[in-house]
>>> print(open('structure_18.pdb').read())   # PDB, C-alpha atoms
MODEL        1
ATOM      1  CA  MET A   4     189.108-118.586-150.706  1.00  0.00           C
ATOM      2  CA  SER A   5     188.588-116.043-153.443  1.00  0.00           C
ATOM      3  CA  LYS A   6     191.106-115.749-156.221  1.00  0.00           C
ATOM      4  CA  TYR A   7     190.342-112.065-156.834  1.00  0.00           C
ATOM      5  CA  CYS A   8     191.065-108.955-154.809  1.00  0.00           C
ATOM      6  CA  MET A   9     191.015-105.195-154.783  1.00  0.00           C
ATOM      7  CA  ILE A  10     194.167-103.471-153.601  1.00  0.00           C
ATOM      8  CA  GLU A  11     193.899 -99.945-152.200  1.00  0.00           C
ATOM      9  CA  ILE A  12     196.891 -97.615-152.044  1.00  0.00           C
ATOM     10  CA  ALA A  13     196.932 -93.952-150.978  1.00  0.00           C
ATOM     11  CA  PHE A  14     199.206 -91.446-152.742  1.00  0.00           C
ATOM     12  CA  ASN A  15     199.587 -87.684-152.539  1.00  0.00           C
ATOM     13  CA  ASN A  16     201.148 -87.382-156.002  1.00  0.00           C
ATOM     14  CA  ILE A  17     199.010 -87.966-159.104  1.00  0.00           C
ATOM     15  CA  ASP A  18     202.099 -88.477-161.277  1.00  0.00           C
ATOM     16  CA  GLU A  19     203.088 -91.448-159.112  1.00  0.00           C
ATOM     17  CA  VAL A  20     199.563 -92.842-159.382  1.00  0.00           C
ATOM     18  CA  ASN A  21     199.539 -92.548-163.172  1.00  0.00           C
ATOM     19  CA  LYS A  22     202.975 -94.135-163.465  1.00  0.00           C
ATOM     20  CA  VAL A  23     201.943 -97.096-161.287  1.00  0.00           C
ATOM     21  CA  VAL A  24     198.713 -97.610-163.240  1.00  0.00           C
ATOM     22  CA  ASP A  25     200.483 -97.436-166.607  1.00  0.00           C
ATOM     23  CA  ILE A  26     203.079-100.012-165.576  1.00  0.00           C
ATOM     24  CA  LEU A  27     200.573-102.394-163.990  1.00  0.00           C
ATOM     25  CA  LEU A  28     198.239-102.277-166.994  1.00  0.00           C
ATOM     26  CA  LEU A  29     201.133-102.703-169.414  1.00  0.00           C
ATOM     27  CA  LYS A  30     202.414-105.723-167.480  1.00  0.00           C
ATOM     28  CA  LYS A  31     198.825-107.059-167.304  1.00  0.00           C
ATOM     29  CA  LEU A  32     199.022-107.349-163.510  1.00  0.00           C
ATOM     30  CA  ILE A  33     195.658-105.613-163.071  1.00  0.00           C
ATOM     31  CA  ALA A  34     192.385-105.603-164.977  1.00  0.00           C
ATOM     32  CA  SER A  35     191.392-102.073-163.979  1.00  0.00           C
ATOM     33  CA  SER A  36     192.032 -99.168-161.669  1.00  0.00           C
ATOM     34  CA  HIS A  37     190.010 -96.413-160.039  1.00  0.00           C
ATOM     35  CA  ILE A  38     191.459 -93.165-158.759  1.00  0.00           C
ATOM     36  CA  ILE A  39     189.443 -91.415-156.050  1.00  0.00           C
ATOM     37  CA  GLU A  40     190.399 -88.008-154.672  1.00  0.00           C
ATOM     38  CA  SER A  41     190.168 -87.773-150.893  1.00  0.00           C
ATOM     39  CA  LYS A  42     190.953 -85.550-147.941  1.00  0.00           C
ATOM     40  CA  SER A  43     192.902 -87.690-145.493  1.00  0.00           C
ATOM     41  CA  SER A  44     194.052 -87.385-141.887  1.00  0.00           C
ATOM     42  CA  TRP A  45     196.339 -89.719-139.970  1.00  0.00           C
ATOM     43  CA  ASN A  46     198.866 -89.904-137.160  1.00  0.00           C
ATOM     44  CA  TRP A  47     202.521 -90.217-138.161  1.00  0.00           C
ATOM     45  CA  LYS A  48     205.362 -90.255-135.628  1.00  0.00           C
ATOM     46  CA  ASN A  49     203.128 -88.740-132.930  1.00  0.00           C
ATOM     47  CA  GLU A  50     202.024 -85.871-135.181  1.00  0.00           C
ATOM     48  CA  ARG A  51     198.689 -85.260-136.898  1.00  0.00           C
ATOM     49  CA  GLU A  52     198.971 -85.157-140.698  1.00  0.00           C
ATOM     50  CA  ASN A  53     196.397 -83.953-143.225  1.00  0.00           C
ATOM     51  CA  ASP A  54     196.653 -83.967-146.994  1.00  0.00           C
ATOM     52  CA  ASN A  55     194.711 -84.324-150.176  1.00  0.00           C
ATOM     53  CA  GLU A  56     195.353 -87.826-151.434  1.00  0.00           C
ATOM     54  CA  PHE A  57     194.450 -90.121-154.269  1.00  0.00           C
ATOM     55  CA  LEU A  58     193.113 -93.564-153.393  1.00  0.00           C
ATOM     56  CA  LEU A  59     194.118 -96.021-156.048  1.00  0.00           C
ATOM     57  CA  GLN A  60     191.947 -99.119-156.262  1.00  0.00           C
ATOM     58  CA  LEU A  61     193.245-102.021-158.338  1.00  0.00           C
ATOM     59  CA  LYS A  62     191.260-105.090-159.446  1.00  0.00           C
ATOM     60  CA  THR A  63     193.486-108.140-159.769  1.00  0.00           C
ATOM     61  CA  LYS A  64     194.102-111.752-158.849  1.00  0.00           C
ATOM     62  CA  ILE A  65     195.220-112.654-155.330  1.00  0.00           C
ATOM     63  CA  ASP A  66     198.434-114.223-156.624  1.00  0.00           C
ATOM     64  CA  LYS A  67     199.593-110.920-158.220  1.00  0.00           C
ATOM     65  CA  GLN A  68     199.885-109.017-154.908  1.00  0.00           C
ATOM     66  CA  LYS A  69     203.639-109.375-154.493  1.00  0.00           C
ATOM     67  CA  GLU A  70     204.422-108.323-158.075  1.00  0.00           C
ATOM     68  CA  ILE A  71     202.156-105.285-157.703  1.00  0.00           C
ATOM     69  CA  TYR A  72     203.685-104.378-154.339  1.00  0.00           C
ATOM     70  CA  ASP A  73     207.179-104.540-155.850  1.00  0.00           C
ATOM     71  CA  VAL A  74     206.210-102.076-158.619  1.00  0.00           C
ATOM     72  CA  VAL A  75     204.538 -99.686-156.173  1.00  0.00           C
ATOM     73  CA  LYS A  76     207.459 -99.798-153.708  1.00  0.00           C
ATOM     74  CA  ILE A  77     209.865 -98.541-156.386  1.00  0.00           C
ATOM     75  CA  ILE A  78     207.646 -95.577-157.314  1.00  0.00           C
ATOM     76  CA  HIS A  79     205.827 -94.575-154.104  1.00  0.00           C
ATOM     77  CA  SER A  80     207.334 -91.641-152.192  1.00  0.00           C
ATOM     78  CA  TYR A  81     205.840 -92.435-148.750  1.00  0.00           C
ATOM     79  CA  ASP A  82     208.102 -94.138-146.198  1.00  0.00           C
ATOM     80  CA  CYS A  83     205.159 -96.302-145.113  1.00  0.00           C
ATOM     81  CA  PHE A  84     202.320 -96.580-147.602  1.00  0.00           C
ATOM     82  CA  GLU A  85     198.920 -98.222-147.425  1.00  0.00           C
ATOM     83  CA  PHE A  86     198.668-101.519-149.296  1.00  0.00           C
ATOM     84  CA  ALA A  87     195.305-102.877-148.200  1.00  0.00           C
ATOM     85  CA  VAL A  88     193.993-106.044-149.857  1.00  0.00           C
ATOM     86  CA  TYR A  89     190.294-106.920-149.978  1.00  0.00           C
ATOM     87  CA  GLU A  90     189.340-110.308-151.352  1.00  0.00           C
ATOM     88  CA  PHE A  91     186.095-110.478-153.307  1.00  0.00           C
ATOM     89  CA  ASN A  92     183.736-112.686-155.258  1.00  0.00           C
ATOM     90  CA  SER A  93     180.846-111.791-157.504  1.00  0.00           C
ATOM     91  CA  ILE A  94     177.714-113.461-158.770  1.00  0.00           C
ATOM     92  CA  ASN A  95     178.515-111.784-162.093  1.00  0.00           C
ATOM     93  CA  ASP A  96     180.532-114.511-163.804  1.00  0.00           C
ATOM     94  CA  ASP A  97     181.123-112.259-166.827  1.00  0.00           C
ATOM     95  CA  TYR A  98     182.869-109.735-164.566  1.00  0.00           C
ATOM     96  CA  LEU A  99     185.108-112.391-163.006  1.00  0.00           C
ATOM     97  CA  SER A 100     185.866-113.848-166.429  1.00  0.00           C
ATOM     98  CA  TRP A 101     186.870-110.404-167.655  1.00  0.00           C
ATOM     99  CA  ILE A 102     189.337-110.016-164.763  1.00  0.00           C
ATOM    100  CA  GLU A 103     190.631-113.543-165.346  1.00  0.00           C
ATOM    101  CA  ASN A 104     191.261-112.871-169.036  1.00  0.00           C
ATOM    102  CA  GLU A 105     192.907-109.465-168.600  1.00  0.00           C
ATOM    103  CA  ILE A 106     195.629-110.615-166.213  1.00  0.00           C
ATOM    104  CA  VAL A 107     198.535-112.842-167.222  1.00  0.00           C
TER
ENDMDL
END
>>> encode(input="structure_18.pdb", output="structure tokens")
Amino acid sequence: MSKYCMIEIAFNNIDEVNKVVDILLLKKLIASSHIIESKSSWNWKNERENDNEFLLQLKTKIDKQKEIYDVVKIIHSYDCFEFAVYEFNSINDDYLSWIENEIV
């Protein structure tokens, strides 16, 4: 089992994204983040929804998921938000060492 993961969360408010990133970096719960603008569509309560969103990708350790989720839950305005976790490894040991050393 990998000890590293990327967490993906969709937001429609860039201020919420920036607040989450600032807190997570300050608390050293993540090594890095990427913000990707997207046009999203989904079904919600039997209705089609469309919006411009921001996909937040976070690089972290598997064991930090709960702490990260707790921070996001306080800030996120969606009733039900994406919190997808993708485990990963890399042959680049320097990259994994960097993540390891950035997170407490």
>>> resolve_selection(input="structure_18.pdb", expression="the PyMOL selection byres ((chain A and resi 85) around 10)", output="list in words")
Ile10, Glu11, Ile12, Ala13, Phe14, Leu58, Tyr81, Cys83, Phe84, Phe86, Ala87 and Val88 of chain A
>>> axis_aligned_box(input="structure_18.pdb", around="stretch 62-76 of chain A", padding_each_side="4 Å", output="AutoDock Vina command-line options")
--center_x 199.4 --center_y -107.0 --center_z -156.7 --size_x 24.2 --size_y 22.5 --size_z 14.1
>>> resolve_selection(input="structure_18.pdb", expression="the PyMOL selection byres ((chain A and resi 92-107) around 9)", output="list in words")
Ser5, Lys6, Tyr7, Cys8, Leu28, Lys30, Lys31, Leu32, Ile33, Ala34, Ser35, Lys62, Thr63, Lys64, Lys67, Glu90 and Phe91 of chain A
>>> closest_residue(input="structure_18.pdb", among="A:Ile38, A:Val74, A:Met9, A:Leu61", to="A:Val23", atoms="only C-alpha atoms")
A:Val74
>>> residues_around(input="structure_18.pdb", residues="A:Ser41", least_positions_apart="4", cutoff="6 Å", atoms="all atoms listed in the file", output="PyMOL selection string")
chain A and resi 55-57
>>> atom_distance(input="structure_18.pdb", atom1="atom CA of A:Asp25", atom2="atom CA of A:Trp47")
29.4 Å
>>> closest_residue(input="structure_18.pdb", among="A:Gln68, A:Ser80, A:Trp45, A:Tyr89", to="A:Asn16", atoms="all atoms listed in the file")
A:Ser80
>>> atom_distance(input="structure_18.pdb", atom1="atom CA of A:Glu70", atom2="atom CA of A:Lys42")
28.3 Å
>>> atom_distance(input="structure_18.pdb", atom1="atom CA of A:Asn49", atom2="atom CA of A:Asp18")
28.4 Å
>>> closest_residue(input="structure_18.pdb", among="A:Gln60, A:Ile65, A:Glu50, A:Asp82", to="A:Val20", atoms="all atoms listed in the file")
A:Gln60
